[in-house]
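*Asks:* I am sharing start20.pdb, which consists of PDB, C-alpha atoms:
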MODEL        1
ATOM      1  CA  ARG R  22      -1.604 -13.862  37.041
ATOM      2  CA  GLU R  23       1.821 -15.326  36.231
ATOM      3  CA  VAL R  24       0.138 -18.129  34.308
ATOM      4  CA  GLY R  25      -1.811 -15.529  32.267
ATOM      5  CA  ARG R  26       1.352 -13.596  31.422
ATOM      6  CA  SER R  27       3.139 -16.780  30.417
ATOM      7  CA  SER R  28       0.235 -17.763  28.169
ATOM      8  CA  THR R  29       0.179 -14.316  26.565
ATOM      9  CA  ALA R  30       3.927 -14.419  25.921
ATOM     10  CA  ALA R  31       3.671 -17.902  24.435
ATOM     11  CA  GLY R  32       0.824 -16.751  22.173
ATOM     12  CA  ALA R  33       2.812 -13.712  20.986
ATOM     13  CA  GLU R  34       5.847 -15.881  20.303
ATOM     14  CA  GLU R  35       3.769 -18.345  18.296
ATOM     15  CA  PHE R  36       2.190 -15.471  16.315
ATOM     16  CA  MET R  37       5.624 -14.054  15.428
ATOM     17  CA  ARG R  38       6.894 -17.493  14.448
ATOM     18  CA  ILE R  39       3.988 -18.008  12.046
ATOM     19  CA  PHE R  40       4.296 -14.436  10.733
ATOM     20  CA  ILE R  41       8.002 -14.854   9.962
ATOM     21  CA  LEU R  42       7.377 -18.240   8.349
ATOM     22  CA  GLU R  43       4.620 -16.854   6.104
ATOM     23  CA  THR R  44       6.763 -13.840   5.177
ATOM     24  CA  MET R  45       9.650 -16.089   4.168
ATOM     25  CA  MET R  46       7.270 -18.272   2.184
ATOM     26  CA  TRP R  47       5.872 -15.316   0.219
ATOM     27  CA  GLN R  48       9.344 -13.891  -0.387
ATOM     28  CA  ARG R  49      10.538 -17.196  -1.802
ATOM     29  CA  THR R  50       7.408 -17.517  -3.942
ATOM     30  CA  GLU R  51       7.934 -14.021  -5.324
ATOM     31  CA  ARG R  52      11.589 -14.736  -6.051
ATOM     32  CA  LEU R  53      10.752 -17.993  -7.836
ATOM     33  CA  ALA R  54       8.045 -16.282  -9.911
ATOM     34  CA  LEU R  55      10.528 -13.679 -11.141
ATOM     35  CA  GLU R  56      13.163 -16.340 -11.820
ATOM     36  CA  LEU R  57      10.665 -18.265 -13.970
ATOM     37  CA  LEU R  58       9.764 -15.107 -15.896
ATOM     38  CA  GLY R  59      13.452 -14.438 -16.403
ATOM     39  CA  GLN R  60      13.761 -17.764 -18.222
ATOM     40  CA  LEU R  61      11.046 -16.923 -20.743
ATOM     41  CA  HIS R  62      11.954 -16.122 -24.327
ATOM     42  CA  THR R  63      11.505 -12.403 -25.000
ATOM     43  CA  GLY R  64       8.761 -13.143 -27.509
ATOM     44  CA  ASP R  65       6.823 -15.076 -24.863
ATOM     45  CA  PHE R  66       7.180 -12.411 -22.171
ATOM     46  CA  VAL R  67       3.772 -10.747 -22.487
ATOM     47  CA  LEU R  68       2.499  -8.131 -20.044
ATOM     48  CA  GLY R  69      -1.157  -8.967 -19.600
ATOM     49  CA  PRO R  70      -4.075  -9.247 -17.151
ATOM     50  CA  ARG R  71      -2.913 -12.450 -15.467
ATOM     51  CA  LEU R  72       0.333 -10.884 -14.265
ATOM     52  CA  VAL R  73      -1.271  -7.872 -12.539
ATOM     53  CA  THR R  74      -2.787 -10.132  -9.889
ATOM     54  CA  GLY R  75       0.557 -10.724  -8.199
ATOM     55  CA  SER R  76       1.891  -8.823  -5.219
ATOM     56  CA  LEU R  77       3.092  -5.249  -5.700
ATOM     57  CA  ARG R  78       6.689  -6.424  -5.296
ATOM     58  CA  VAL R  79       6.242  -9.019  -8.045
ATOM     59  CA  CYS R  80       4.551  -6.505 -10.344
ATOM     60  CA  CYS R  81       7.432  -4.052  -9.926
ATOM     61  CA  GLY R  82       9.898  -6.885 -10.504
ATOM     62  CA  ILE R  83       8.052  -7.866 -13.682
ATOM     63  CA  LEU R  84       8.213  -4.289 -14.961
ATOM     64  CA  ARG R  85      11.925  -4.002 -14.194
ATOM     65  CA  LEU R  86      12.604  -7.298 -15.957
ATOM     66  CA  TYR R  87      10.478  -6.306 -18.951
ATOM     67  CA  GLN R  88      12.281  -2.975 -19.322
ATOM     68  CA  GLN R  89      15.612  -4.748 -19.023
ATOM     69  CA  ARG R  90      14.601  -7.140 -21.790
ATOM     70  CA  GLU R  91      13.567  -4.204 -23.980
ATOM     71  CA  MET R  92      16.907  -2.502 -23.437
ATOM     72  CA  GLU R  93      18.840  -5.693 -24.160
ATOM     73  CA  ALA R  94      16.847  -6.328 -27.316
ATOM     74  CA  GLY R  95      18.040  -2.994 -28.694
ATOM     75  CA  PHE R  96      16.857  -1.029 -31.674
ATOM     76  CA  VAL R  97      17.513  -3.715 -34.286
ATOM     77  CA  SER R  98      15.597  -6.393 -32.396
ATOM     78  CA  SER R  99      12.737  -3.960 -31.776
ATOM     79  CA  ALA R 100      12.529  -3.256 -35.487
ATOM     80  CA  LEU R 101      12.140  -6.988 -36.168
ATOM     81  CA  GLU R 102       9.654  -7.563 -33.330
ATOM     82  CA  PRO R 103       6.465  -6.958 -35.417
ATOM     83  CA  MET R 104       7.555  -9.680 -37.855
ATOM     84  CA  ASN R 105       8.468 -12.006 -34.965
ATOM     85  CA  ALA R 106       5.091 -11.362 -33.324
ATOM     86  CA  MET R 107       3.227 -12.028 -36.584
ATOM     87  CA  TRP R 108       5.086 -15.308 -37.107
ATOM     88  CA  LYS R 109       4.448 -16.362 -33.495
ATOM     89  CA  ASN R 110       0.713 -15.657 -33.865
ATOM     90  CA  ILE R 111       0.657 -17.887 -36.929
ATOM     91  CA  THR R 112       2.560 -20.773 -35.355
ATOM     92  CA  ASP R 113       1.393 -20.476 -31.746
ATOM     93  CA  LYS R 114      -2.410 -20.368 -31.671
ATOM     94  CA  PRO R 115      -2.783 -19.756 -27.901
ATOM     95  CA  LEU R 116      -0.989 -16.409 -28.285
ATOM     96  CA  ARG R 117      -3.602 -15.085 -30.686
ATOM     97  CA  ALA R 118      -6.057 -14.312 -27.911
ATOM     98  CA  LYS R 119      -3.522 -12.892 -25.488
ATOM     99  CA  VAL R 120      -3.711  -9.266 -24.446
ATOM    100  CA  SER R 121      -0.364  -7.530 -24.635
ATOM    101  CA  TRP R 122       0.344  -4.246 -22.827
ATOM    102  CA  ASP R 123       3.338  -1.975 -22.591
ATOM    103  CA  CYS R 124       4.817  -0.914 -19.242
ATOM    104  CA  HIS R 125       2.572   2.148 -19.062
ATOM    105  CA  LEU R 126      -0.727   0.257 -19.300
ATOM    106  CA  PHE R 127       0.500  -2.590 -17.118
ATOM    107  CA  ALA R 128       1.555  -0.209 -14.334
ATOM    108  CA  LEU R 129      -1.762   1.665 -14.480
ATOM    109  CA  GLN R 130      -3.709  -1.585 -14.318
ATOM    110  CA  CYS R 131      -1.640  -2.691 -11.315
ATOM    111  CA  MET R 132      -2.657   0.556  -9.602
ATOM    112  CA  ARG R 133      -6.296   0.166 -10.615
ATOM    113  CA  LYS R 134      -6.467  -3.357  -9.180
ATOM    114  CA  ARG R 135      -5.304  -2.065  -5.806
ATOM    115  CA  LEU R 136      -7.483   1.054  -5.772
ATOM    116  CA  LEU R 137     -10.546  -1.007  -6.769
ATOM    117  CA  ALA R 138      -9.747  -3.980  -4.573
ATOM    118  CA  ASN R 139     -13.309  -5.343  -4.437
ATOM    119  CA  LYS R 140     -13.907  -5.332  -8.189
ATOM    120  CA  GLU R 141     -14.719  -8.734  -9.684
ATOM    121  CA  HIS R 142     -12.253 -10.358 -12.074
ATOM    122  CA  ALA R 143     -13.164  -9.886 -15.741
ATOM    123  CA  GLY R 144     -12.128 -11.662 -18.925
ATOM    124  CA  GLU R 145      -8.936 -10.661 -20.715
ATOM    125  CA  GLN R 146     -10.651  -8.583 -23.384
ATOM    126  CA  GLU R 147     -12.716  -6.731 -20.767
ATOM    127  CA  GLU R 148      -9.554  -6.119 -18.754
ATOM    128  CA  ASP R 149      -7.864  -4.759 -21.858
ATOM    129  CA  LEU R 150     -10.654  -2.235 -22.381
ATOM    130  CA  GLU R 151     -10.533  -1.316 -18.706
ATOM    131  CA  ALA R 152      -6.762  -0.827 -18.762
ATOM    132  CA  LYS R 153      -7.083   1.629 -21.648
ATOM    133  CA  ALA R 154      -9.901   3.590 -19.990
ATOM    134  CA  ASP R 155      -9.684   6.357 -17.396
ATOM    135  CA  ILE R 156     -10.168   5.570 -13.727
ATOM    136  CA  PRO R 157     -13.649   6.546 -12.433
ATOM    137  CA  SER R 158     -14.047  10.144 -11.230
ATOM    138  CA  GLU R 159     -15.442   9.057  -7.863
ATOM    139  CA  ILE R 160     -12.307   7.014  -7.156
ATOM    140  CA  CYS R 161     -10.082   9.867  -8.249
ATOM    141  CA  ALA R 162     -11.870  12.246  -5.873
ATOM    142  CA  SER R 163     -11.993   9.941  -2.855
ATOM    143  CA  VAL R 164      -8.707   8.017  -2.792
ATOM    144  CA  GLU R 165      -6.539   8.945   0.185
ATOM    145  CA  ASP R 166      -2.856   9.832   0.173
ATOM    146  CA  ARG R 167      -1.922   6.733   2.148
ATOM    147  CA  ALA R 168      -3.375   4.528  -0.592
ATOM    148  CA  LEU R 169      -1.352   6.369  -3.234
ATOM    149  CA  LEU R 170       1.815   6.200  -1.150
ATOM    150  CA  GLY R 171       1.664   2.425  -1.325
ATOM    151  CA  LEU R 172       1.763   2.591  -5.130
ATOM    152  CA  VAL R 173       4.516   5.157  -5.775
ATOM    153  CA  GLU R 174       6.937   2.425  -6.925
ATOM    154  CA  LEU R 175       4.839   2.041 -10.062
ATOM    155  CA  VAL R 176       4.995   5.717 -11.082
ATOM    156  CA  GLU R 177       8.373   5.403 -12.799
ATOM    157  CA  TYR R 178       6.880   2.979 -15.321
ATOM    158  CA  VAL R 179       4.059   5.343 -16.352
ATOM    159  CA  ASP R 180       4.222   7.828 -19.217
ATOM    160  CA  ILE R 181       2.287  10.722 -17.693
ATOM    161  CA  SER R 182       1.898  12.426 -21.060
ATOM    162  CA  ARG R 183      -0.335   9.482 -22.078
ATOM    163  CA  ALA R 184      -2.425   9.511 -18.898
ATOM    164  CA  SER R 185      -6.178  10.126 -19.052
ATOM    165  CA  PRO R 186      -7.567  13.159 -17.128
ATOM    166  CA  ASN R 187      -8.363  11.388 -13.845
ATOM    167  CA  TRP R 188      -5.210   9.283 -13.945
ATOM    168  CA  ALA R 189      -3.192  12.468 -14.504
ATOM    169  CA  ALA R 190      -4.550  13.936 -11.256
ATOM    170  CA  LEU R 191      -3.683  10.821  -9.261
ATOM    171  CA  LEU R 192      -0.214  10.586 -10.784
ATOM    172  CA  ILE R 193       0.530  14.226  -9.987
ATOM    173  CA  ARG R 194      -0.448  13.580  -6.380
ATOM    174  CA  MET R 195       1.782  10.520  -6.282
ATOM    175  CA  LEU R 196       4.711  12.484  -7.683
ATOM    176  CA  LEU R 197       4.248  15.105  -4.972
ATOM    177  CA  LEU R 198       4.012  12.448  -2.288
ATOM    178  CA  CYS R 199       7.319  10.880  -3.332
ATOM    179  CA  GLY R 200       9.122  14.226  -3.613
ATOM    180  CA  ARG R 201       9.293  14.510  -7.412
ATOM    181  CA  LYS R 202       8.028  18.073  -7.424
ATOM    182  CA  GLN R 203       9.533  19.219 -10.720
ATOM    183  CA  GLN R 204       8.016  16.322 -12.635
ATOM    184  CA  ALA R 205       4.676  16.919 -10.877
ATOM    185  CA  HIS R 206       4.821  20.589 -11.877
ATOM    186  CA  GLU R 207       5.453  19.770 -15.537
ATOM    187  CA  ALA R 208       2.623  17.232 -15.558
ATOM    188  CA  PHE R 209       0.279  19.727 -13.864
ATOM    189  CA  VAL R 210       0.942  22.421 -16.464
ATOM    190  CA  THR R 211       0.380  19.978 -19.324
ATOM    191  CA  ALA R 212      -2.766  18.341 -17.941
ATOM    192  CA  PHE R 213      -4.451  21.414 -16.411
ATOM    193  CA  PRO R 214      -6.361  22.546 -19.551
ATOM    194  CA  LEU R 215      -7.623  19.019 -20.237
ATOM    195  CA  SER R 216      -8.485  17.663 -16.788
ATOM    196  CA  ALA R 217     -11.082  18.943 -14.346
ATOM    197  CA  SER R 218      -9.605  16.615 -11.732
ATOM    198  CA  VAL R 219      -6.189  18.233 -12.147
ATOM    199  CA  GLN R 220      -7.756  21.671 -11.842
ATOM    200  CA  LEU R 221      -9.322  20.647  -8.528
ATOM    201  CA  LEU R 222      -5.863  19.906  -7.108
ATOM    202  CA  SER R 223      -5.267  23.658  -6.875
ATOM    203  CA  TRP R 224      -8.286  24.254  -4.611
ATOM    204  CA  ASP R 225      -7.638  24.847  -0.921
ATOM    205  CA  GLN R 226     -10.644  22.674  -0.025
ATOM    206  CA  ALA R 227      -9.326  19.667  -1.938
ATOM    207  CA  PRO R 228      -9.598  16.557   0.295
ATOM    208  CA  ALA R 229      -6.029  15.409  -0.217
ATOM    209  CA  THR R 230      -2.701  16.577  -1.620
ATOM    210  CA  VAL R 231      -2.901  20.036  -3.203
ATOM    211  CA  VAL R 232      -0.446  21.620  -5.596
ATOM    212  CA  PRO R 233       1.353  24.882  -4.712
ATOM    213  CA  THR R 234      -0.808  27.887  -5.634
ATOM    214  CA  ALA R 235       2.181  29.423  -7.441
ATOM    215  CA  TRP R 236       1.768  26.783 -10.137
ATOM    216  CA  LEU R 237      -1.445  28.451 -11.287
ATOM    217  CA  ALA R 238       0.648  31.291 -12.739
ATOM    218  CA  ASP R 239       1.978  28.816 -15.315
ATOM    219  CA  VAL R 240      -1.482  27.844 -16.569
ATOM    220  CA  ALA R 241      -3.147  31.267 -16.596
TER     221      ALA R 241
ENDMDL
END
Could you spell out this file's structure in structure tokens?
*Replies:*
Amino acid sequence: REVGRSSTAAGAEEFMRIFILETMMWQRTERLALELLGQLHTGDFVLGPRLVTGSLRVCCGILRLYQQREMEAGFVSSALEPMNAMWKNITDKPLRAKVSWDCHLFALQCMRKRLLANKEHAGEQEEDLEAKADIPSEICASVEDRALLGLVELVEYVDISRASPNWAALLIRMLLLCGRKQQAHEAFVTAFPLSASVQLLSWDQAPATVVPTAWLADVA
């Protein structure tokens, strides 16, 4: 019996050692990835399909870095960006085929990749079309709160006023789950006339997070 306990303890210790080692390895990899992105020229920092495949922590780091770059560039640089992009497409042929998203589309595609985990990888142009489309109704109706809770870090990078009907419903649920009730209320009132999925959030028999019934007074 003592031998069995000793073996079990040794196995648990070895498991924890490997777990800690792998965690440190992934943390360092994530940190290095963000450091490399930080060294890119602003014109080369393109949010596209290849970057959404990273971990959630890396994706959030990419979005923070991208927003920081946008803020640092300022209004004047932003005004010149179309000319810079045109010149770069002329002189740098590989960039011509690249898909370029803003923070909103990139964040939504990061969510989609995690909600549709078993979906096969598509080409860049197909991914671009997918990123600009609504999420399927069956996913919107079946996704559980715990899955959405794992993605709430991405909500701050999404412009809810641009969200498609099904995405609007999921984003409202995520806002409620992370305690941003006022923002969820405003989004609900705006999206209610346009989204059947948002309307279903007010039903008592909804399978997941429901909005307060008092909100219906603002859409009557």
*Asks:* I would like the residues chosen by the PyMOL selection byres ((chain R and resi 68-72) around 10) on the shown file; could you give them as an MDAnalysis selection string?
*Replies:* chainID R and resid 65:67 73:76 79:80 83:84 87 119:124 126:128 130:131 142:149 152
*Asks:* Grab the CA of Ser182 in chain R to CA of Thr211 in chain R distance for me, in Å with one decimal place.
*Replies:*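 Taking CA of Ser182 in chain R as the start and CA of Thr211 in chain R as the end point, the length is 7.9 Å.
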*Asks:* For the structure shown, which residues end up in the PyMOL selection byres ((chain R and resi 233) around 10)? Put them as an mmCIF file with C-alpha atoms, in the coordinates of the input, please?
*Replies:*
data_model
loop_
_atom_site.group_PDB
_atom_site.id
_atom_site.type_symbol
_atom_site.label_atom_id
_atom_site.label_comp_id
_atom_site.auth_asym_id
_atom_site.auth_seq_id
_atom_site.Cartn_x
_atom_site.Cartn_y
_atom_site.Cartn_z
ATOM 1 C CA LYS R 202 8.028 18.073 -7.424
ATOM 2 C CA HIS R 206 4.821 20.589 -11.877
ATOM 3 C CA LEU R 222 -5.863 19.906 -7.108
ATOM 4 C CA SER R 223 -5.267 23.658 -6.875
ATOM 5 C CA TRP R 224 -8.286 24.254 -4.611
ATOM 6 C CA ASP R 225 -7.638 24.847 -0.921
ATOM 7 C CA THR R 230 -2.701 16.577 -1.620
ATOM 8 C CA VAL R 231 -2.901 20.036 -3.203
ATOM 9 C CA VAL R 232 -0.446 21.620 -5.596
ATOM 10 C CA THR R 234 -0.808 27.887 -5.634
ATOM 11 C CA ALA R 235 2.181 29.423 -7.441
ATOM 12 C CA TRP R 236 1.768 26.783 -10.137
ATOM 13 C CA LEU R 237 -1.445 28.451 -11.287
#
*Asks:* Applying the PyMOL selection byres ((chain R and resi 154) around 12) to the file I just gave you, which residues come out? Please list them as a CSV table (one decimal) with C-alpha atoms, keeping the file's coordinate frame.
*Replies:*
chain,number,residue,atom,x,y,z
R,126,LEU,CA,-0.7,0.3,-19.3
R,129,LEU,CA,-1.8,1.7,-14.5
R,130,GLN,CA,-3.7,-1.6,-14.3
R,133,ARG,CA,-6.3,0.2,-10.6
R,147,GLU,CA,-12.7,-6.7,-20.8
R,148,GLU,CA,-9.6,-6.1,-18.8
R,149,ASP,CA,-7.9,-4.8,-21.9
R,150,LEU,CA,-10.7,-2.2,-22.4
R,151,GLU,CA,-10.5,-1.3,-18.7
R,152,ALA,CA,-6.8,-0.8,-18.8
R,153,LYS,CA,-7.1,1.6,-21.6
R,155,ASP,CA,-9.7,6.4,-17.4
R,156,ILE,CA,-10.2,5.6,-13.7
R,157,PRO,CA,-13.6,6.5,-12.4
R,158,SER,CA,-14.0,10.1,-11.2
R,183,ARG,CA,-0.3,9.5,-22.1
R,184,ALA,CA,-2.4,9.5,-18.9
R,185,SER,CA,-6.2,10.1,-19.1
R,186,PRO,CA,-7.6,13.2,-17.1
R,187,ASN,CA,-8.4,11.4,-13.8
R,188,TRP,CA,-5.2,9.3,-13.9
*Asks:* Between R:Leu77, R:Val173, R:Ala212, R:Leu196, which has the minimum distance to Lys134 in chain R (counting all atoms listed in the file)?
*Replies:*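 That would be R:Leu77, the residue with the smallest distance to Lys134 in chain R.
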*Asks:* Would you mind telling me which residue in R:Leu170, R:Cys81, R:Leu137, R:Leu86 lies nearest to Gly200 in chain R when using all atoms listed in the file?
*Replies:*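 Selected residue with least distance to Gly200 in chain R: R:Leu170.
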*Asks:* What separation in Å, quoted to one decimal, exists between CA of Arg135 in chain R and CA of Val210 in chain R?
*Replies:*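 Between CA of Arg135 in chain R and CA of Val210 in chain R the gap works out to 27.4 Å.
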*Asks:* If you count all atoms listed in the file, which residues fall within 12 Å of Arg167 in chain R, apart from same-chain ones fewer than 2 positions away, as a short mmCIF file (atom, residue, chain, number, x, y, z; two decimals) with C-alpha atoms, in the coordinates of the input?
*Replies:*
data_model
loop_
_atom_site.label_atom_id
_atom_site.label_comp_id
_atom_site.auth_asym_id
_atom_site.auth_seq_id
_atom_site.Cartn_x
_atom_site.Cartn_y
_atom_site.Cartn_z
CA LEU R 136 -7.48 1.05 -5.77
CA SER R 163 -11.99 9.94 -2.86
CA VAL R 164 -8.71 8.02 -2.79
CA GLU R 165 -6.54 8.94 0.18
CA LEU R 169 -1.35 6.37 -3.23
CA LEU R 170 1.82 6.20 -1.15
CA GLY R 171 1.66 2.42 -1.32
CA LEU R 172 1.76 2.59 -5.13
CA VAL R 173 4.52 5.16 -5.78
CA ARG R 194 -0.45 13.58 -6.38
CA MET R 195 1.78 10.52 -6.28
CA LEU R 198 4.01 12.45 -2.29
CA CYS R 199 7.32 10.88 -3.33
CA ALA R 229 -6.03 15.41 -0.22
CA THR R 230 -2.70 16.58 -1.62
#
*Asks:* One decimal, Å: what's the distance from CA of Phe209 in chain R over to CA of Ala189 in chain R, could you say?
*Replies:* 8.1 Å
*Asks:* Tell me which of R:Asp166, R:Leu221, R:Ser216, R:Ala208 sits closest to Asp239 in chain R, counting all atoms listed in the file.
*Replies:*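 When distances to Asp239 in chain R are compared using all atoms listed in the file, the smallest one comes from R:Ala208.
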*Asks:* Point out the residue among R:Ser218, R:His125, R:Gln203, R:Arg78 with the least atom-to-atom distance to Ala162 in chain R, counting all atoms listed in the file.
*Replies:*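 That would be R:Ser218, the residue with the smallest distance to Ala162 in chain R.
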*Asks:* Would you mind putting N, CA, C and O atoms back on range 158-171 of chain R and writing the result as a PDB file, in the frame of the given file?
*Replies:*
ATOM      1  N   SER R 158     -14.201   8.850 -11.901  1.00  0.00           N
ATOM      2  CA  SER R 158     -14.047  10.144 -11.230  1.00  0.00           C
ATOM      3  C   SER R 158     -14.238  10.029  -9.727  1.00  0.00           C
ATOM      4  O   SER R 158     -13.553  10.707  -8.949  1.00  0.00           O
ATOM      5  N   GLU R 159     -15.178   9.177  -9.295  1.00  0.00           N
ATOM      6  CA  GLU R 159     -15.442   9.057  -7.863  1.00  0.00           C
ATOM      7  C   GLU R 159     -14.243   8.465  -7.114  1.00  0.00           C
ATOM      8  O   GLU R 159     -13.981   8.826  -5.966  1.00  0.00           O
ATOM      9  N   ILE R 160     -13.522   7.566  -7.760  1.00  0.00           N
ATOM     10  CA  ILE R 160     -12.307   7.014  -7.156  1.00  0.00           C
ATOM     11  C   ILE R 160     -11.225   8.072  -7.103  1.00  0.00           C
ATOM     12  O   ILE R 160     -10.532   8.238  -6.094  1.00  0.00           O
ATOM     13  N   CYS R 161     -11.088   8.808  -8.182  1.00  0.00           N
ATOM     14  CA  CYS R 161     -10.082   9.867  -8.249  1.00  0.00           C
ATOM     15  C   CYS R 161     -10.296  10.893  -7.146  1.00  0.00           C
ATOM     16  O   CYS R 161      -9.342  11.384  -6.535  1.00  0.00           O
ATOM     17  N   ALA R 162     -11.561  11.210  -6.858  1.00  0.00           N
ATOM     18  CA  ALA R 162     -11.870  12.246  -5.873  1.00  0.00           C
ATOM     19  C   ALA R 162     -11.762  11.756  -4.435  1.00  0.00           C
ATOM     20  O   ALA R 162     -11.549  12.550  -3.516  1.00  0.00           O
ATOM     21  N   SER R 163     -11.895  10.438  -4.223  1.00  0.00           N
ATOM     22  CA  SER R 163     -11.993   9.941  -2.855  1.00  0.00           C
ATOM     23  C   SER R 163     -10.750   9.206  -2.343  1.00  0.00           C
ATOM     24  O   SER R 163     -10.617   9.010  -1.138  1.00  0.00           O
ATOM     25  N   VAL R 164      -9.857   8.809  -3.230  1.00  0.00           N
ATOM     26  CA  VAL R 164      -8.707   8.017  -2.792  1.00  0.00           C
ATOM     27  C   VAL R 164      -7.799   8.848  -1.882  1.00  0.00           C
ATOM     28  O   VAL R 164      -7.545  10.020  -2.147  1.00  0.00           O
ATOM     29  N   GLU R 165      -7.343   8.237  -0.803  1.00  0.00           N
ATOM     30  CA  GLU R 165      -6.539   8.945   0.185  1.00  0.00           C
ATOM     31  C   GLU R 165      -5.057   8.851  -0.152  1.00  0.00           C
ATOM     32  O   GLU R 165      -4.604   7.968  -0.870  1.00  0.00           O
ATOM     33  N   ASP R 166      -4.297   9.789   0.421  1.00  0.00           N
ATOM     34  CA  ASP R 166      -2.856   9.832   0.173  1.00  0.00           C
ATOM     35  C   ASP R 166      -2.167   8.538   0.579  1.00  0.00           C
ATOM     36  O   ASP R 166      -1.245   8.071  -0.100  1.00  0.00           O
ATOM     37  N   ARG R 167      -2.598   7.944   1.668  1.00  0.00           N
ATOM     38  CA  ARG R 167      -1.922   6.733   2.148  1.00  0.00           C
ATOM     39  C   ARG R 167      -2.073   5.583   1.163  1.00  0.00           C
ATOM     40  O   ARG R 167      -1.184   4.739   1.056  1.00  0.00           O
ATOM     41  N   ALA R 168      -3.201   5.563   0.428  1.00  0.00           N
ATOM     42  CA  ALA R 168      -3.375   4.528  -0.592  1.00  0.00           C
ATOM     43  C   ALA R 168      -2.427   4.772  -1.759  1.00  0.00           C
ATOM     44  O   ALA R 168      -1.846   3.827  -2.318  1.00  0.00           O
ATOM     45  N   LEU R 169      -2.246   6.034  -2.125  1.00  0.00           N
ATOM     46  CA  LEU R 169      -1.352   6.369  -3.234  1.00  0.00           C
ATOM     47  C   LEU R 169       0.111   6.145  -2.855  1.00  0.00           C
ATOM     48  O   LEU R 169       0.922   5.747  -3.693  1.00  0.00           O
ATOM     49  N   LEU R 170       0.436   6.400  -1.603  1.00  0.00           N
ATOM     50  CA  LEU R 170       1.815   6.200  -1.150  1.00  0.00           C
ATOM     51  C   LEU R 170       2.261   4.748  -1.330  1.00  0.00           C
ATOM     52  O   LEU R 170       3.429   4.472  -1.590  1.00  0.00           O
ATOM     53  N   GLY R 171       1.322   3.834  -1.173  1.00  0.00           N
ATOM     54  CA  GLY R 171       1.664   2.425  -1.325  1.00  0.00           C
ATOM     55  C   GLY R 171       1.901   2.011  -2.764  1.00  0.00           C
ATOM     56  O   GLY R 171       2.326   0.888  -3.018  1.00  0.00           O
TER      57      GLY R 171
END
